[in-house]
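Okay, structure first, notes after.
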Amino acid sequence: MEETKIGFIGCGGNAGGHMNTLQNIEGANVVATCDIDETRANATSKKHNATPYTNHRSMLERTDLDAIYLSLPVFAHGQPELDVIDRGLPFLVEKPVAINMDIAYQIEEAVRKANLITCVGYQLRYLGSTKFARQILAKNDVSMGIGKYWCGTGRGNPGAWIRQMNKSGGQLLEQATHTIDMMRYLLGEVEEVHAMQTNRVLTEIDCPDSNIVTLKFESGAVGSLTTYWAFDNGDWSHTNVIDILYKDQLINWNPSRLRIKENDEYIDKTETSLSIDEVFVKAVRSGDRSQILSPYSDAVKTMAISIAANQSGHTSKPIQINTI
């Protein structure tokens with residue numbers, strides 16, 4: 001197996017998860033790690049026998065890199081991606097892809113011109129439960145989808161970037177983007193959102209702790225999403241859950257399984273599937289991007305919904321979704 005040499009820009013928790021998965025993919029080797037925190041860059045490089053950097057441009061001067069992962073805070077997206085594109089390297093970038101649409105559109109256009117293989121970290125698209133849901137919904141007209149993402153990540157240090165609206169975009173952009181993306185992937189494109197937001201518990205931060213978003217899909221289906229950021233931090237059972245109604249039927253989707261009624265009883269379905277990392281590495285090696293379900297241009301459409309929902313919550317007006 002020919003070696004695939006990978007560099008990481010950003011060495012936080014999400015990056016660590018990807019690196020651990022890559023360790024189990026034959027021939028995939030993390031050879032360079034970059035983080036502005038030198039201690040973290042060094043610790044990660046030591047674990048993976050890689051070379052540490054604190055400046056991503058210095059890392060990109062290497063001539064042996066085959067692909068890049070970017071695992072950055074929301075506000076840090078922009079120039080690192082453009083530098084990777086200028087280097088001509090395929091990349092996988094964590095969601096959401098930017099803090100505002102102008103940055104996302106700039107990167108999207110650069111990717112288009114360079115014709116690069118890209119992948120965005122919407123790993124829920126690659127699950128067996130998602131595959132089953134898509135198979136069922138392809139044969140039926142959906143009437144309504146109800147999603148939720150309730151967790152306690154909003155609690156904690158109010159000075160952390162994730163709890164600052166101008167750095168993270170709040171829960172709808174930074175976190176519940178996964179649920180929004182799955183609603184798009186399962187129910188189709190969204191053409192209008194109307195949101196209500198409030199902060200009843202986490203009053204020391206400027207991010208809403210409660211969001212209700214109504215969605216109008218291009219198909220004619222309707223939906224809603226509720227997110228709550230002050231829930232019990234140890235209970236993740238209410239995150240990324242979607243109920244989908246069609247005809248007289250209901251399916252309940254979450255990352256671990258799809259629940260559907262068959263022969264008057266509810267059963268759970270799932271199956272093993274390739275991870276997003278396996279799919280990305282395979283695409284880099286072969287040049288065939290057909291199995292990538294979350295390219296950059298598609299992720300921009302998901303991001304646009306979060307941005308519009310935040311705008312609607314601020315103005316109390318419905319917002320049309322416009323993507324280019």
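Chain lettering (A, B, ...) mirrors the order of the structure tokens, residue numbering begins at 1 for each chain separately, and ligand numbering begins at 1 in order of display.
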Exercise. Write down as a list in words the residues belonging to segment 58-159 of chain A that are assigned strand (DSSP E or B) by DSSP computed on the backbone.
Key: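 Strand (DSSP E or B) members of segment 58-159 of chain A, listed: Ala67, Ile68, Tyr69, Leu70, Phe91, Leu92, Val93, Thr118, Cys119, Val120, Val142, Ser143, Met144, Gly145, Ile146, Gly147, Lys148, Tyr149 and Trp150 of chain A.
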Store the residues picked out above, limited to N, CA and C atoms, as a compact mmCIF listing (two decimals), in the first residue's frame.
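This is the output file again.txt:
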```txt
# COMPACT_ATOMS: atom_id res chain seq x y z
N ALA A 67 -2.24 15.43 1.50
CA ALA A 67 -3.54 15.97 1.89
C ALA A 67 -3.41 16.70 3.22
N ILE A 68 -4.40 17.54 3.48
CA ILE A 68 -4.40 18.34 4.70
C ILE A 68 -5.75 18.20 5.40
N TYR A 69 -5.72 18.16 6.72
CA TYR A 69 -6.91 18.31 7.56
C TYR A 69 -6.85 19.68 8.22
N LEU A 70 -7.98 20.39 8.24
CA LEU A 70 -8.06 21.66 8.95
C LEU A 70 -9.11 21.53 10.04
N PHE A 91 -8.18 18.65 0.77
CA PHE A 91 -8.30 18.90 2.20
C PHE A 91 -9.66 18.49 2.75
N LEU A 92 -9.62 18.10 4.03
CA LEU A 92 -10.82 17.86 4.81
C LEU A 92 -10.85 18.93 5.89
N VAL A 93 -11.96 19.67 5.95
CA VAL A 93 -12.09 20.75 6.89
C VAL A 93 -13.28 20.50 7.82
N THR A 118 -12.29 17.99 -1.96
CA THR A 118 -12.54 18.54 -0.63
C THR A 118 -13.57 17.69 0.09
N CYS A 119 -13.54 17.77 1.41
CA CYS A 119 -14.50 17.06 2.23
C CYS A 119 -14.70 17.87 3.51
N VAL A 120 -15.94 18.00 3.94
CA VAL A 120 -16.25 18.74 5.17
C VAL A 120 -16.76 17.73 6.21
N VAL A 142 -42.02 13.45 1.83
CA VAL A 142 -41.99 13.83 3.25
C VAL A 142 -42.93 15.00 3.50
N SER A 143 -43.64 14.95 4.62
CA SER A 143 -44.51 16.05 5.02
C SER A 143 -43.83 16.98 6.02
N MET A 144 -43.11 16.39 6.98
CA MET A 144 -42.56 17.21 8.06
C MET A 144 -41.35 16.54 8.70
N GLY A 145 -40.40 17.37 9.13
CA GLY A 145 -39.25 16.89 9.88
C GLY A 145 -39.04 17.73 11.13
N ILE A 146 -38.80 17.06 12.25
CA ILE A 146 -38.61 17.74 13.52
C ILE A 146 -37.25 17.32 14.10
N GLY A 147 -36.35 18.28 14.23
CA GLY A 147 -35.02 17.98 14.74
C GLY A 147 -34.76 18.65 16.08
N LYS A 148 -33.80 18.10 16.83
CA LYS A 148 -33.41 18.75 18.08
C LYS A 148 -31.95 18.48 18.39
N TYR A 149 -31.38 19.45 19.12
CA TYR A 149 -30.01 19.34 19.60
C TYR A 149 -29.96 20.03 20.96
N TRP A 150 -30.10 19.24 22.02
CA TRP A 150 -30.09 19.76 23.38
C TRP A 150 -28.86 19.23 24.10
```
Quiz item: Residues at most 9 Å from Asn14 of chain A, counting only C-alpha atoms, excluding those fewer than 3 positions away in the same chain, as a list in words?
Solution: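 Counting only the stated atoms, we get Gly10, Cys11, Gly17, His18, Met19, Ser71, Leu72 and Glu94 of chain A.
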Exercise. With a distance cut-off of 12 Å and only C-alpha atoms, select the neighbouring residues of Asn310 of chain A, excluding the residue or stretch itself and same-chain residues fewer than 5 positions from it, and output the selection as number ranges by chain.
Key: A: 99-100, 165-166, 168-174, 177, 193-198, 207-208, 210-213, 303-305, 315-319
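Among the candidates A:Ala41, A:Leu245, A:Ile276, A:Leu116, the residue lying nearest to Ile136 of chain A is A:Leu245 (atoms considered: only C-alpha atoms).
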Quiz item: Using the chain letters and numbers from this document, which residues of segment 73-173 of chain A does DSSP assign to helix (DSSP H, G or I), as JSON, numbers by chain?
Solution: {"A": [74, 75, 76, 79, 80, 81, 82, 83, 84, 85, 86, 87, 101, 102, 103, 104, 105, 106, 107, 108, 109, 110, 111, 112, 113, 114, 123, 124, 125, 126, 128, 129, 130, 131, 132, 133, 134, 135, 136, 137, 161, 162, 163, 165, 166, 167, 168, 170, 171, 172, 173]}
Give me a file of those residues, with C-alpha atoms, as a PDB file, in the first residue's frame.
```
ATOM      1  CA  VAL A  74     -14.999  28.852  13.497  1.00  0.00           C
ATOM      2  CA  PHE A  75     -13.454  32.332  13.465  1.00  0.00           C
ATOM      3  CA  ALA A  76     -10.059  31.016  12.269  1.00  0.00           C
ATOM      4  CA  GLN A  79      -6.596  32.182   5.148  1.00  0.00           C
ATOM      5  CA  PRO A  80      -5.458  28.652   6.129  1.00  0.00           C
ATOM      6  CA  GLU A  81      -7.839  27.145   3.544  1.00  0.00           C
ATOM      7  CA  LEU A  82      -6.720  29.620   0.885  1.00  0.00           C
ATOM      8  CA  ASP A  83      -3.080  28.747   1.586  1.00  0.00           C
ATOM      9  CA  VAL A  84      -3.839  25.022   1.274  1.00  0.00           C
ATOM     10  CA  ILE A  85      -5.674  25.655  -1.997  1.00  0.00           C
ATOM     11  CA  ASP A  86      -2.745  27.707  -3.271  1.00  0.00           C
ATOM     12  CA  ARG A  87      -0.546  24.717  -2.462  1.00  0.00           C
ATOM     13  CA  MET A 101     -20.791  33.794   4.070  1.00  0.00           C
ATOM     14  CA  ASP A 102     -18.240  36.101   2.427  1.00  0.00           C
ATOM     15  CA  ILE A 103     -15.355  33.939   3.645  1.00  0.00           C
ATOM     16  CA  ALA A 104     -17.159  30.741   2.673  1.00  0.00           C
ATOM     17  CA  TYR A 105     -17.919  32.004  -0.834  1.00  0.00           C
ATOM     18  CA  GLN A 106     -14.300  33.124  -1.305  1.00  0.00           C
ATOM     19  CA  ILE A 107     -12.985  29.691  -0.394  1.00  0.00           C
ATOM     20  CA  GLU A 108     -15.679  27.945  -2.435  1.00  0.00           C
ATOM     21  CA  GLU A 109     -14.687  29.888  -5.546  1.00  0.00           C
ATOM     22  CA  ALA A 110     -11.001  29.150  -4.985  1.00  0.00           C
ATOM     23  CA  VAL A 111     -11.785  25.433  -4.634  1.00  0.00           C
ATOM     24  CA  ARG A 112     -13.812  25.507  -7.848  1.00  0.00           C
ATOM     25  CA  LYS A 113     -11.007  27.143  -9.801  1.00  0.00           C
ATOM     26  CA  ALA A 114      -8.411  24.726  -8.430  1.00  0.00           C
ATOM     27  CA  GLN A 123     -19.596  12.596   9.298  1.00  0.00           C
ATOM     28  CA  LEU A 124     -23.250  11.767  10.067  1.00  0.00           C
ATOM     29  CA  ARG A 125     -23.929  11.564   6.326  1.00  0.00           C
ATOM     30  CA  TYR A 126     -21.700   8.491   6.117  1.00  0.00           C
ATOM     31  CA  GLY A 128     -25.484   3.218   8.098  1.00  0.00           C
ATOM     32  CA  SER A 129     -28.553   4.735   9.784  1.00  0.00           C
ATOM     33  CA  THR A 130     -28.399   7.618   7.315  1.00  0.00           C
ATOM     34  CA  LYS A 131     -28.165   5.254   4.342  1.00  0.00           C
ATOM     35  CA  PHE A 132     -31.333   3.422   5.441  1.00  0.00           C
ATOM     36  CA  ALA A 133     -33.204   6.693   5.960  1.00  0.00           C
ATOM     37  CA  ARG A 134     -32.260   7.939   2.489  1.00  0.00           C
ATOM     38  CA  GLN A 135     -33.423   4.689   0.893  1.00  0.00           C
ATOM     39  CA  ILE A 136     -36.834   4.963   2.545  1.00  0.00           C
ATOM     40  CA  LEU A 137     -37.347   8.663   1.927  1.00  0.00           C
ATOM     41  CA  TRP A 161     -14.382  31.383  21.979  1.00  0.00           C
ATOM     42  CA  ILE A 162     -17.229  28.902  21.537  1.00  0.00           C
ATOM     43  CA  ARG A 163     -19.443  31.022  23.828  1.00  0.00           C
ATOM     44  CA  MET A 165     -21.210  35.027  19.181  1.00  0.00           C
ATOM     45  CA  ASN A 166     -18.690  36.858  16.996  1.00  0.00           C
ATOM     46  CA  LYS A 167     -16.259  33.923  17.168  1.00  0.00           C
ATOM     47  CA  SER A 168     -18.516  30.852  17.009  1.00  0.00           C
ATOM     48  CA  GLY A 170     -23.505  30.372  18.682  1.00  0.00           C
ATOM     49  CA  GLN A 171     -25.030  26.924  18.920  1.00  0.00           C
ATOM     50  CA  LEU A 172     -26.873  27.093  15.592  1.00  0.00           C
ATOM     51  CA  LEU A 173     -23.691  27.660  13.589  1.00  0.00           C
TER      52      LEU A 173
END
```
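Between Met59 of chain A and the candidates A:Asp35, A:Glu278, A:Glu3, A:Glu271, the tightest atom-to-atom separation, counting only C-alpha atoms, involves A:Asp35.
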Which residues of segment 177-237 of chain A sit at most 10 Å from segment 246-258 of chain A, using only C-alpha atoms? Give each one's shortest atom pair and distance in Å (one decimal place), in chain and ascending residue order, as JSON lines.
```
{"residue": "A:Thr179", "atom": "CA", "partner": "A:Asn254", "partner_atom": "CA", "distance": 9.6}
{"residue": "A:Met182", "atom": "CA", "partner": "A:Trp253", "partner_atom": "CA", "distance": 9.6}
{"residue": "A:Leu186", "atom": "CA", "partner": "A:Trp253", "partner_atom": "CA", "distance": 10.0}
{"residue": "A:Ala221", "atom": "CA", "partner": "A:Tyr246", "partner_atom": "CA", "distance": 9.6}
{"residue": "A:Ser237", "atom": "CA", "partner": "A:Asn254", "partner_atom": "CA", "distance": 9.1}
```
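Distances from A:Ala176, A:Val190, A:Ile244, A:Met183 to Thr226 of chain A were compared using only C-alpha atoms, and the smallest one belongs to A:Ala176.
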Quiz item: What does the distance from atom CA of Asp181 of chain A to atom CA of Thr203 of chain A come to in Å, to one decimal?
Solution: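 Interatomic distance here is 28.0 Å.
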Exercise. Write out as a ChimeraX atom specification which residues come within 9 Å of Arg155 of chain A when counting only C-alpha atoms, dropping same-chain ones fewer than 6 positions away.
Key: /A:163,202,229-231,233
Next, write the just-selected residues to a file, as a tab-separated table (two decimals), in the first residue's frame, keeping N, CA and C atoms as the atom set.
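Output file out_6.tsv follows:
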```
chain	number	residue	atom	x	y	z
A	163	ARG	N	-18.31	30.35	23.19
A	163	ARG	CA	-19.44	31.02	23.83
A	163	ARG	C	-19.45	32.52	23.52
A	202	LEU	N	-28.12	31.18	30.39
A	202	LEU	CA	-26.71	31.51	30.24
A	202	LEU	C	-26.54	33.00	29.98
A	229	TRP	N	-28.83	25.03	24.88
A	229	TRP	CA	-27.41	24.98	25.19
A	229	TRP	C	-27.11	24.86	26.68
A	230	ALA	N	-28.15	24.79	27.52
A	230	ALA	CA	-27.94	24.78	28.96
A	230	ALA	C	-28.46	23.50	29.60
A	231	PHE	N	-28.57	22.45	28.80
A	231	PHE	CA	-29.08	21.16	29.27
A	231	PHE	C	-28.02	20.45	30.10
A	233	ASN	N	-25.09	18.54	30.95
A	233	ASN	CA	-23.92	18.36	30.08
A	233	ASN	C	-23.52	16.90	29.90
```
